[in-house]
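The next block is model-v4.txt, given as compact mmCIF, C-alpha atoms.
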# COMPACT_ATOMS: atom_id res chain seq x y z
CA MET A 1 -34.37 -41.70 -20.47
CA LYS A 2 -32.42 -38.47 -20.36
CA SER A 3 -28.66 -38.88 -20.61
CA ASN A 4 -26.59 -37.52 -17.73
CA LYS A 5 -23.51 -37.48 -19.86
CA LYS A 6 -21.67 -34.16 -19.85
CA PRO A 7 -21.33 -32.43 -23.21
CA LYS A 8 -17.88 -32.99 -24.59
CA GLY A 9 -15.91 -29.78 -24.29
CA ASN A 10 -13.53 -29.07 -27.14
CA TYR A 11 -10.74 -27.66 -25.01
CA GLN A 12 -8.60 -26.18 -27.77
CA HIS A 13 -11.55 -24.53 -29.44
CA LEU A 14 -12.92 -23.14 -26.16
CA LYS A 15 -9.48 -21.84 -25.29
CA LYS A 16 -9.21 -19.99 -28.59
CA ILE A 17 -12.67 -18.45 -28.20
CA LEU A 18 -11.94 -17.30 -24.66
CA GLN A 19 -8.48 -16.01 -25.59
CA ASP A 20 -9.94 -14.00 -28.46
CA HIS A 21 -12.53 -12.55 -26.09
CA HIS A 22 -9.78 -11.77 -23.59
CA LYS A 23 -7.66 -10.06 -26.24
CA LYS A 24 -10.65 -7.94 -27.23
CA THR A 25 -11.15 -6.95 -23.57
CA ILE A 26 -7.49 -6.03 -23.19
CA HIS A 27 -7.54 -4.10 -26.44
CA GLU A 28 -10.56 -2.08 -25.29
CA PHE A 29 -8.86 -1.55 -21.92
CA GLY A 30 -5.77 -0.27 -23.71
CA GLN A 31 -7.80 2.02 -25.97
CA LYS A 32 -9.52 3.59 -22.98
CA HIS A 33 -6.56 3.84 -20.63
CA GLY A 34 -3.59 3.78 -22.97
CA LYS A 35 -2.49 7.28 -22.02
CA ILE A 36 -2.11 6.39 -18.34
CA LEU A 37 -0.51 3.02 -19.09
CA ASP A 38 2.06 4.64 -21.37
CA LYS A 39 2.85 7.24 -18.74
CA LEU A 40 3.38 4.54 -16.13
CA LYS A 41 5.51 2.46 -18.49
CA SER A 42 7.75 5.46 -19.06
CA LYS A 43 8.18 5.66 -15.28
CA GLY A 44 9.22 2.03 -15.17
CA VAL A 45 5.93 0.83 -13.71
CA ILE A 46 4.74 -2.29 -15.47
CA LEU A 47 1.31 -3.81 -15.06
CA ALA A 48 0.07 -7.20 -16.02
CA GLY A 49 -2.51 -5.53 -18.25
CA ALA A 50 0.15 -3.55 -20.08
CA ALA A 51 2.27 -6.66 -20.52
CA ILE A 52 -0.68 -8.48 -22.03
CA LEU A 53 -1.22 -5.60 -24.41
CA VAL A 54 2.32 -6.09 -25.59
CA SER A 55 2.25 -9.86 -25.67
CA THR A 56 -0.44 -12.00 -27.25
CA MET A 57 0.68 -15.07 -25.36
CA ILE A 58 -2.33 -15.33 -23.11
CA ALA A 59 -1.53 -18.92 -22.22
CA SER A 60 1.68 -17.82 -20.57
CA THR A 61 0.06 -14.99 -18.61
CA PRO A 62 1.02 -16.56 -15.29
CA SER A 63 4.70 -16.50 -16.26
CA ILE A 64 4.46 -12.91 -17.47
CA VAL A 65 2.86 -11.89 -14.20
CA ASN A 66 5.45 -13.84 -12.22
CA ALA A 67 8.22 -12.00 -14.01
CA ILE A 68 6.57 -8.64 -13.35
CA ASN A 69 5.89 -9.48 -9.75
CA SER A 70 9.42 -10.66 -9.03
CA HIS A 71 10.76 -7.56 -10.79
CA SER A 72 8.72 -5.23 -8.63
CA LYS A 73 9.47 -7.16 -5.43
CA GLU A 74 13.23 -7.53 -5.78
CA GLU A 75 14.33 -4.36 -7.46
CA ARG A 76 14.34 -1.33 -5.24
CA LEU A 77 14.27 2.05 -6.86
CA GLY A 78 17.42 4.07 -7.25
CA LEU A 79 17.47 7.13 -5.02
CA GLY A 80 16.62 9.48 -7.88
CA ASN A 81 13.63 7.36 -8.95
CA LEU A 82 12.38 7.04 -5.37
CA ILE A 83 12.52 10.79 -4.87
CA SER A 84 10.76 11.54 -8.14
CA ARG A 85 8.09 8.87 -7.62
CA ILE A 86 7.15 10.15 -4.17
CA LYS A 87 7.34 13.77 -5.33
CA SER A 88 5.04 13.04 -8.26
CA ILE A 89 2.40 11.90 -5.78
CA LEU A 90 2.99 14.82 -3.40
CA ASN A 91 3.11 17.31 -6.29
CA GLY A 92 2.69 20.47 -4.25
CA LYS A 93 -0.30 19.16 -2.32
CA LYS A 94 -1.08 20.38 1.15
CA ALA A 95 -2.83 17.18 2.22
CA LEU A 96 -3.07 13.68 0.84
CA ASP A 97 -6.10 11.53 0.24
CA LYS A 98 -6.23 7.89 1.26
CA ILE A 99 -5.17 6.47 -2.09
CA GLN A 100 -2.13 8.75 -2.14
CA GLU A 101 -1.29 7.85 1.46
CA GLU A 102 -1.56 4.15 0.69
CA THR A 103 0.59 4.40 -2.41
CA ILE A 104 3.31 6.31 -0.61
CA ALA A 105 3.23 3.85 2.29
CA GLN A 106 3.61 0.91 -0.08
CA THR A 107 6.42 2.52 -2.07
CA LEU A 108 8.37 3.35 1.07
CA SER A 109 7.64 -0.07 2.61
CA ASN A 110 9.11 -1.74 -0.44
CA GLN A 111 12.08 0.60 -0.53
CA PHE A 112 13.07 0.37 3.11
CA ASN A 113 11.87 -3.18 3.73
CA LEU A 114 9.51 -2.10 6.51
CA LYS A 115 5.76 -2.47 7.01
CA LEU A 116 4.56 1.11 6.89
CA SER A 117 1.07 2.51 6.88
CA ALA A 118 -0.93 5.62 7.64
CA ASN A 119 -3.29 3.51 9.68
CA LEU A 120 -2.31 1.02 12.38
CA GLN A 121 -4.76 -0.96 14.48
CA GLY A 122 -7.45 1.60 13.68
CA HIS A 123 -5.31 4.56 14.69
CA ARG A 124 -4.21 7.35 12.39
CA LEU A 125 -2.61 10.75 12.85
CA ASN A 126 -4.30 13.99 11.87
CA GLU A 127 -1.82 14.32 8.97
CA ILE A 128 0.96 12.19 7.55
CA TYR A 129 2.56 14.93 5.49
CA GLY A 130 3.54 18.31 6.85
CA TYR A 131 6.22 20.70 7.96
CA ILE A 132 8.62 19.52 10.64
CA GLY A 133 10.12 21.90 13.15
CA ALA A 134 13.17 21.59 15.33
CA GLU A 135 12.62 20.41 18.88
CA GLN A 136 15.01 20.71 21.78
CA HIS A 137 16.38 17.75 23.68
CA LEU A 138 14.07 16.31 26.31
CA ARG A 139 15.07 15.31 29.82
CA ARG A 140 15.25 11.52 29.64
CA TRP A 141 15.05 10.84 33.41
CA PRO A 142 15.68 12.54 36.72
CA GLY A 143 19.19 13.95 36.86
CA ASP A 144 19.56 14.17 33.09
CA SER A 145 21.27 17.30 31.74
CA LEU A 146 22.09 18.89 28.42
CA GLN A 147 25.77 18.03 28.71
CA LYS A 148 24.94 14.33 28.49
CA HIS A 149 23.30 14.75 25.05
CA ASP A 150 24.84 14.97 21.59
CA LEU A 151 24.24 18.20 19.67
CA PRO A 152 23.99 20.31 22.83
CA GLN A 153 23.62 23.48 20.77
CA ALA A 154 19.95 22.52 20.31
CA GLY A 155 19.27 23.16 23.99
CA ILE A 156 17.05 21.19 26.35
CA ALA A 157 13.36 21.75 27.08
CA PRO A 158 12.60 23.07 30.54
CA LEU A 159 9.92 20.40 31.12
CA ARG A 160 9.80 16.68 30.41
CA GLY A 161 8.03 15.39 27.31
CA ALA A 162 4.41 14.32 27.21
CA PHE A 163 5.27 10.73 28.05
CA GLY A 164 7.60 11.38 30.96
CA ASP A 165 10.82 9.41 31.34
CA PHE A 166 12.26 7.63 28.34
CA ASP A 167 13.23 3.97 28.54
CA ASN A 168 16.68 4.51 27.08
CA GLU A 169 18.96 7.00 25.34
CA GLU A 170 18.02 5.98 21.84
CA GLN A 171 14.37 6.84 22.26
CA GLU A 172 15.14 10.46 23.12
CA LYS A 173 17.78 10.62 20.40
CA TYR A 174 15.34 9.54 17.73
CA TYR A 175 12.07 11.07 18.84
CA ILE A 176 9.46 13.06 17.03
CA ALA A 177 6.52 15.08 18.25
CA VAL A 178 3.10 14.75 16.64
CA GLN A 179 -0.10 16.68 17.25
CA LEU A 180 -1.84 14.20 19.51
CA HIS A 181 -4.06 16.93 20.87
CA GLU A 182 -5.50 17.32 17.35
CA LEU A 183 -6.73 13.73 17.17
CA PRO A 184 -10.53 13.90 17.01
CA ASN A 185 -11.05 11.58 19.98
CA TRP A 186 -8.07 12.63 22.08
CA ASN A 187 -9.99 14.60 24.69
CA ASN A 188 -12.49 11.80 25.32
CA SER A 189 -10.17 8.83 25.06
CA TRP A 190 -6.72 10.09 26.02
CA SER A 191 -6.45 7.60 28.88
CA THR A 192 -6.44 4.71 26.39
CA LEU A 193 -4.83 6.55 23.50
CA LYS A 194 -1.84 7.87 25.40
CA PRO A 195 -0.36 4.45 26.26
CA TRP A 196 -0.91 3.32 22.67
CA TYR A 197 0.98 6.28 21.27
CA GLN A 198 3.71 6.36 23.93
CA PHE A 199 7.02 5.71 22.20
CA ARG A 200 5.13 4.26 19.23
CA LYS A 201 7.58 3.36 16.50
CA MET A 202 7.22 5.61 13.45
CA PHE A 203 9.01 6.22 10.17
CA VAL A 204 9.96 9.70 9.02
CA TYR A 205 10.89 10.37 5.43
CA ASN A 206 12.30 13.49 3.81
CA PRO A 207 10.92 13.57 0.24
CA ASP A 208 13.58 16.05 -0.87
CA ASN A 209 16.58 13.82 -0.25
CA GLY A 210 15.08 10.33 0.08
CA LYS A 211 16.33 9.86 3.65
CA GLY A 212 14.26 7.87 6.07
CA MET A 213 14.55 7.13 9.75
CA VAL A 214 12.92 4.92 12.36
CA VAL A 215 11.90 7.01 15.34
CA VAL A 216 9.61 6.93 18.33
CA LEU A 217 6.73 9.18 19.18
CA GLY A 218 8.25 11.00 22.12
CA ASP A 219 6.21 14.14 22.61
CA SER A 220 3.03 15.94 21.70
CA GLY A 221 3.15 19.08 19.56
CA PRO A 222 3.78 21.46 17.91
CA ALA A 223 0.87 23.84 18.34
CA LEU A 224 -1.33 24.34 15.27
CA TRP A 225 -0.62 28.07 15.07
CA THR A 226 3.06 27.39 14.31
CA GLY A 227 2.09 26.08 10.89
CA LYS A 228 4.10 22.96 11.56
CA THR A 229 2.70 19.45 11.90
CA PHE A 230 5.61 17.56 13.41
CA GLY A 231 8.65 18.18 15.56
CA GLY A 232 11.97 16.38 15.29
CA SER A 233 14.67 15.84 17.88
CA PRO A 234 18.04 17.45 17.10
CA GLU A 235 19.42 14.12 15.84
CA VAL A 236 16.38 13.50 13.65
CA MET A 237 16.56 16.95 12.10
CA HIS A 238 20.31 16.60 11.59
CA TYR A 239 20.09 13.25 9.79
CA LEU A 240 17.11 14.18 7.65
CA GLU A 241 18.79 17.52 6.82
CA ARG A 242 15.74 19.47 7.83
CA VAL A 243 15.92 22.92 9.39
CA ASP A 244 13.40 25.18 11.06
CA GLY A 245 12.42 28.75 10.29
CA SER A 246 11.97 30.17 6.84
CA GLN A 247 13.65 27.18 5.24
CA LYS A 248 11.58 24.57 6.97
CA GLY A 249 10.51 21.60 4.91
CA LYS A 250 7.99 18.80 4.90
CA VAL A 251 8.24 15.17 5.86
CA ILE A 252 6.10 12.09 5.64
CA VAL A 253 5.36 10.27 8.88
CA LEU A 254 3.99 6.72 8.93
CA PHE A 255 3.39 4.00 11.49
CA ILE A 256 5.68 0.98 11.50
CA ASP A 257 4.06 -2.38 12.10
CA ASP A 258 6.63 -4.07 14.32
CA PRO A 259 4.75 -6.31 16.75
CA GLU A 260 7.90 -8.14 17.83
CA ASN A 261 9.83 -4.92 18.36
CA LYS A 262 12.70 -5.98 16.13
CA ILE A 263 13.26 -2.82 14.14
CA ALA A 264 16.11 -0.71 15.47
CA LEU A 265 15.78 3.04 15.84
CA GLY A 266 17.81 5.38 13.72
CA PRO A 267 18.65 5.94 10.05
CA SER A 268 17.13 3.52 7.57
CA SER A 269 18.89 1.71 4.80
CA GLU A 270 17.96 -1.02 2.35
CA ASP A 271 18.89 -3.70 4.86
CA PHE A 272 17.14 -2.00 7.73
CA GLY A 273 14.31 -4.40 8.08
CA LYS A 274 16.69 -7.29 8.56
CA SER A 275 18.90 -5.62 11.10
CA LEU A 276 19.50 -5.39 14.81
CA LEU A 277 17.17 -6.16 17.64
CA SER A 278 15.70 -2.91 18.84
CA THR A 279 17.27 -1.38 21.92
CA SER A 280 13.99 0.23 22.79
CA LEU A 281 12.71 -2.75 24.81
CA ARG A 282 11.05 -1.60 27.96
CA GLU A 283 12.75 -2.70 31.08
CA THR A 284 10.35 -4.41 33.44
CA PRO A 285 10.30 -2.87 36.90
CA MET B 286 -3.17 -16.73 -9.12
CA LYS B 287 -4.63 -14.06 -6.86
CA TYR B 288 -6.34 -10.99 -8.26
CA LEU B 289 -7.27 -7.71 -6.66
CA PHE B 290 -10.63 -7.94 -4.88
CA GLU B 291 -10.91 -11.61 -5.66
CA GLU B 292 -13.06 -12.10 -2.61
CA ILE B 293 -15.86 -10.04 -4.16
CA ILE B 294 -15.21 -10.99 -7.80
CA GLN B 295 -16.63 -14.48 -7.60
CA ILE B 296 -17.42 -16.01 -10.97
CA LYS B 297 -19.39 -18.93 -9.63
CA THR B 298 -21.80 -19.17 -12.55
CA VAL B 299 -18.96 -19.56 -15.00
CA HIS B 300 -17.36 -22.10 -12.72
CA LEU B 301 -20.54 -24.14 -12.66
CA LYS B 302 -20.86 -23.94 -16.42
CA LEU B 303 -17.35 -25.30 -16.86
CA ASN B 304 -18.09 -28.11 -14.44
CA GLU B 305 -20.98 -29.16 -16.67
CA MET B 306 -18.51 -29.86 -19.47
CA ASP B 307 -16.46 -32.96 -20.02
CA LEU B 308 -13.04 -31.41 -19.57
CA ALA B 309 -9.97 -32.46 -17.62
CA ASN B 310 -9.35 -30.56 -14.40
CA GLN B 311 -6.20 -28.97 -15.78
CA GLU B 312 -8.12 -27.79 -18.84
CA LYS B 313 -10.87 -26.30 -16.68
CA GLU B 314 -8.26 -24.51 -14.55
CA GLU B 315 -6.65 -22.95 -17.61
CA LEU B 316 -9.93 -21.81 -19.11
CA LEU B 317 -11.04 -20.43 -15.76
CA GLU B 318 -7.81 -18.46 -15.45
CA ILE B 319 -8.39 -16.78 -18.82
CA MET B 320 -11.94 -15.90 -17.83
CA LYS B 321 -10.88 -14.57 -14.41
CA SER B 322 -8.38 -12.30 -16.11
CA THR B 323 -11.06 -11.03 -18.50
CA VAL B 324 -13.46 -10.26 -15.66
CA HIS B 325 -10.71 -8.72 -13.62
CA HIS B 326 -9.77 -6.29 -16.40
CA LYS B 327 -13.39 -5.25 -16.74
CA VAL B 328 -13.53 -4.52 -13.01
CA ILE B 329 -10.31 -2.49 -13.13
CA ASP B 330 -11.77 -0.62 -16.10
CA LEU B 331 -14.88 0.14 -14.05
CA ILE B 332 -12.79 1.43 -11.13
CA LEU B 333 -10.59 3.56 -13.39
CA SER B 334 -13.68 5.08 -14.99
CA GLU B 335 -14.67 6.43 -11.59
CA LEU B 336 -11.30 8.04 -10.86
CA THR B 337 -9.63 11.23 -12.06
CA ASP B 338 -6.52 10.89 -14.23
CA GLU B 339 -4.28 11.59 -11.28
CA GLU B 340 -6.06 9.03 -9.10
CA LYS B 341 -5.85 6.44 -11.90
CA GLU B 342 -2.09 6.81 -12.01
CA ILE B 343 -1.76 6.50 -8.26
CA PHE B 344 -4.09 3.49 -8.11
CA LEU B 345 -2.34 1.64 -10.93
CA GLU B 346 1.08 2.39 -9.50
CA GLY B 347 -0.08 1.14 -6.15
CA ILE B 348 -1.43 -2.15 -7.42
CA SER B 349 1.68 -2.71 -9.48
CA THR B 350 3.94 -2.49 -6.43
CA GLY B 351 2.19 -4.84 -4.15
CA GLY B 352 -1.44 -5.70 -4.65
CA GLY B 353 -3.08 -6.57 -7.92
CA PHE B 354 -1.89 -9.39 -10.03
CA SER B 355 0.47 -12.00 -8.80
CA ASP B 356 1.19 -15.59 -8.26
CA MET B 357 2.57 -15.61 -4.77
CA ASP B 358 3.85 -17.73 -2.00
CA GLU B 359 1.69 -17.99 1.10
CA GLN B 360 3.35 -15.18 3.03
CA SER B 361 3.13 -12.75 0.11
CA SER B 362 -0.45 -13.89 -0.43
CA ARG B 363 -1.38 -12.91 3.14
CA SER B 364 0.33 -9.55 2.68
CA SER B 365 -1.50 -9.09 -0.61
CA GLU B 366 -4.84 -9.91 1.04
CA LEU B 367 -4.18 -7.21 3.57
CA LYS B 368 -3.36 -4.74 0.80
CA ASN B 369 -6.51 -5.79 -1.09
CA ARG B 370 -8.61 -5.03 1.98
CA GLN B 371 -6.89 -1.68 2.36
CA TYR B 372 -7.50 -0.79 -1.29
CA LEU B 373 -11.12 -1.86 -1.05
CA SER B 374 -11.59 0.31 2.02
CA VAL B 375 -10.01 3.34 0.34
CA LEU B 376 -11.98 2.90 -2.88
CA ARG B 377 -15.23 2.44 -0.99
CA ASP B 378 -14.77 5.92 0.42
CA ARG B 379 -14.03 7.33 -2.99
CA ILE B 380 -16.60 5.56 -5.21
CA ASN B 381 -20.29 5.41 -4.30
CA ASN B 382 -21.82 1.92 -4.15
CA LEU B 383 -18.51 0.41 -5.20
CA GLU B 384 -19.31 -3.20 -4.33
CA THR B 385 -22.71 -3.07 -6.02
CA LYS B 386 -21.09 -1.67 -9.16
CA ILE B 387 -18.38 -4.32 -9.11
CA LYS B 388 -20.92 -7.12 -8.63
CA GLU B 389 -23.05 -5.81 -11.50
CA LYS B 390 -20.02 -5.60 -13.76
CA VAL B 391 -18.97 -9.11 -12.81
CA LYS B 392 -22.48 -10.40 -13.53
CA GLU B 393 -22.46 -8.71 -16.93
CA ALA B 394 -19.03 -10.13 -17.74
CA GLU B 395 -20.10 -13.61 -16.62
CA GLU B 396 -23.19 -13.48 -18.83
CA GLU B 397 -20.99 -12.70 -21.84
CA LEU B 398 -18.73 -15.64 -21.01
CA ILE B 399 -21.65 -18.01 -20.41
CA LEU B 400 -23.05 -17.10 -23.82
CA LEU B 401 -19.69 -17.82 -25.42
CA LEU B 402 -19.41 -21.18 -23.68
CA ALA B 403 -23.01 -22.13 -24.41
CA ASP B 404 -22.57 -21.23 -28.03
CA GLN B 405 -19.57 -23.51 -28.39
CA THR B 406 -20.96 -26.51 -26.53
CA SER B 407 -24.17 -26.50 -28.52
CA ARG B 408 -22.18 -27.09 -31.72

Target encoding C-alpha cells, full file:
Amino acid sequence: MKSNKKPKGNYQHLKKILQDHHKKTIHEFGQKHGKILDKLKSKGVILAGAAILVSTMIASTPSIVNAINSHSKEERLGLGNLISRIKSILNGKKALDKIQEETIAQTLSNQFNLKLSANLQGHRLNEIYGYIGAEQHLRRWPGDSLQKHDLPQAGIAPLRGAFGDFDNEEQEKYYIAVQLHELPNWNNSWSTLKPWYQFRKMFVYNPDNGKGMVVVLGDSGPALWTGKTFGGSPEVMHYLERVDGSQKGKVIVLFIDDPENKIALGPSSEDFGKSLLSTSLRETP
Amino acid sequence: MKYLFEEIIQIKTVHLKLNEMDLANQEKEELLEIMKSTVHHKVIDLILSELTDEEKEIFLEGISTGGGFSDMDEQSSRSSELKNRQYLSVLRDRINNLETKIKEKVKEAEEELILLLADQTSR
C-alpha cells in the first residue's frame, strides 16, 4: 500500500537553498541594472531590491522593506529635492507619457498629501503639462463688478465663464481654464462632460518654484493658437508666480480625487490634505 | 507582504509543491516569501528590459514612492492595489503582450524553484 505520508521537509536546508537562489537572482539583477539603481540611490530613492543587494539578510527582508516603506511614506522631500525630482522627469519635454504622468502625480500626491492623478473616473485632459496664461476676473453672478474683486488691475472679462455663475467667491478666486474644446469627445458628449468638469477640483503646480494650489476648473480655454494650454485667474497666477507674455512658464495640472469635497481651495502646504472643509459646497436651491 | 502585480504573478505550482511537504505553516510562509521575492525580481527585470534607461528610472522611482514592495496596513494596501492597476495599465500600453510575457517569466521562474525543491526533498 502506498504511503500518503508527506516527505519530511528539512526547513533549514530548504531555506538556505532558496536564499542562495534568491541572492543569485538579486546579484544578476544588480549586474544588469546597477547603473540605474546607483543613480536612484544617489537621488535618495531606495528600493527593496537595492537594499537586498546591500544586505544579505534575506530572512529579515520584511523588516528592511518596512523600514524603506515607512521612510518613503513619512518623509516628504525638501523643496529643493522636490523641484529637482519633478524637473528631472520633465527635463525639457513638451509632452509627457503615461509613466511620467503617473510618477509626477504620485510624487506630488505624497508631497502635498492629496490624491492626484492625470486620470479621474475615466476622464483626462488633453495635456497635463503646458504653458499657463493670465486670465481676467470672471463675473461671478449678476451684479458682480471688478471693484468687488482683489487684484483689480487684471481686469474683468466682458462675458461670463463657460460654466456661468460661480457658487461662491473662492471658486472664481482660484479658477483655471483648460482646453475642454480640445477633448476628443467634447463635441459629441459635451452635455454629459460639461457638468462633470464644471468647477472640478484640480491641482496646479509650478515646477520652477515648487508651489502648488488647489483650484477649480472655472472656464474653457485658451485657444490652441495662443500656444498656451491653461489659463489662471489673477490670484492663481499671483500665488504661483507665473506671468504671461514672453516670460510665460509651464505648470502641471492634475485632478484631485476628493469625493467628500473636503479639500479647501487655495495654496497648498504639507498639511493641506488634513485641513478645512471646503467652502465650495454648492448651495441647494 | 504585497508585491507589484501580485494579482497576475501567481505562483500556485510552487505553493502546491510546498503543501506536499511536511513543514509547519510558519515555515511554509517564510519559504514562500523568499520565492515570491525571487519571482518578483525576475518580473521587474523583464519589465526593465523592455524600457529605455529614462523609463526605467521613472518606473523604479514610481514604485519606490508608493507601489511596489511593502508590508502595509489595509488602507495603504487598497491604495497600493489602485496604484498597481494604474501601473499595469500604463505598462500594457508601453510593452506588447505584457501579461503573456509576465506569465511566461513566472512559469519559468516557478520551474526553477520546483526543481530546487524537488532536488532537496528527494535526498

Exercise for the section: Counting only C-alpha atoms, write as a list in words all protein and nucleic acid residues lying at most 8 Å from (13.2, 16.1, 24.6) in the file's frame. Expected result: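 The residues near that point, listed by chain and number, are Glu135, Gln136, His137, Leu138, Arg139, Arg140, Ile156, Ala157, Arg160, Gly161, Glu172, Tyr175, Gly218, Asp219 and Ser233 of chain A.
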
Keeping only C-alpha atoms, write those residues as a PDB file, in the coordinates of the input.
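The resulting file, again-v2.pdb, is reproduced below:
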ATOM      1  CA  GLU A 135      12.620  20.410  18.880  1.00  0.00           C
ATOM      2  CA  GLN A 136      15.010  20.710  21.780  1.00  0.00           C
ATOM      3  CA  HIS A 137      16.380  17.750  23.680  1.00  0.00           C
ATOM      4  CA  LEU A 138      14.070  16.310  26.310  1.00  0.00           C
ATOM      5  CA  ARG A 139      15.070  15.310  29.820  1.00  0.00           C
ATOM      6  CA  ARG A 140      15.250  11.520  29.640  1.00  0.00           C
ATOM      7  CA  ILE A 156      17.050  21.190  26.350  1.00  0.00           C
ATOM      8  CA  ALA A 157      13.360  21.750  27.080  1.00  0.00           C
ATOM      9  CA  ARG A 160       9.800  16.680  30.410  1.00  0.00           C
ATOM     10  CA  GLY A 161       8.030  15.390  27.310  1.00  0.00           C
ATOM     11  CA  GLU A 172      15.140  10.460  23.120  1.00  0.00           C
ATOM     12  CA  TYR A 175      12.070  11.070  18.840  1.00  0.00           C
ATOM     13  CA  GLY A 218       8.250  11.000  22.120  1.00  0.00           C
ATOM     14  CA  ASP A 219       6.210  14.140  22.610  1.00  0.00           C
ATOM     15  CA  SER A 233      14.670  15.840  17.880  1.00  0.00           C
TER      16      SER A 233
END

Exercise for the section: Rank A:Thr229, A:Phe163, A:Lys23, A:His13 by their smallest atom-to-atom distance to Met320 of chain B, using only C-alpha atoms, and report the top residue only. Expected result: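 Comparing A:Thr229, A:Phe163, A:Lys23, A:His13 against Met320 of chain B, the winner is A:Lys23.
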
Practice task
Can you work out which one of B:Val375, B:Val299, B:Ala403, B:Ala394 has the shortest atom-to-atom distance to chain A, counting all atoms listed in the file?
Solution key: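 Using all atoms listed in the file, the shortest distance to chain A belongs to B:Val375.
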
Handout entry: Proximity to chain B - best of A:Lys250, A:Arg85, A:His181, A:Lys194, all atoms listed in the file
Key =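 Under the stated criterion, the closest residue is A:Arg85.
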
Exercise for the section: Have a look at atom CA of Ile387 of chain B and atom CA of Val328 of chain B and let me know their distance in Å, one decimal. Expected result: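 Distance between the two atoms: 6.2 Å.
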
Handout entry: Spatial neighbours of Ser88 of chain A, 12 Å, only C-alpha atoms, chain gap at least 3 places, as an MDAnalysis selection string
Key = (chainID A and resid 40 43 81:85 91:93 100 103:104 207:208) or (chainID B and resid 339:340 342:343 346)

Handout entry: Atomic distance atom CA of Glu314 of chain B - atom CA of Glu395 of chain B, expressed in Å with one decimal
Key =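 Atom CA of Glu314 of chain B sits 16.2 Å away from atom CA of Glu395 of chain B.
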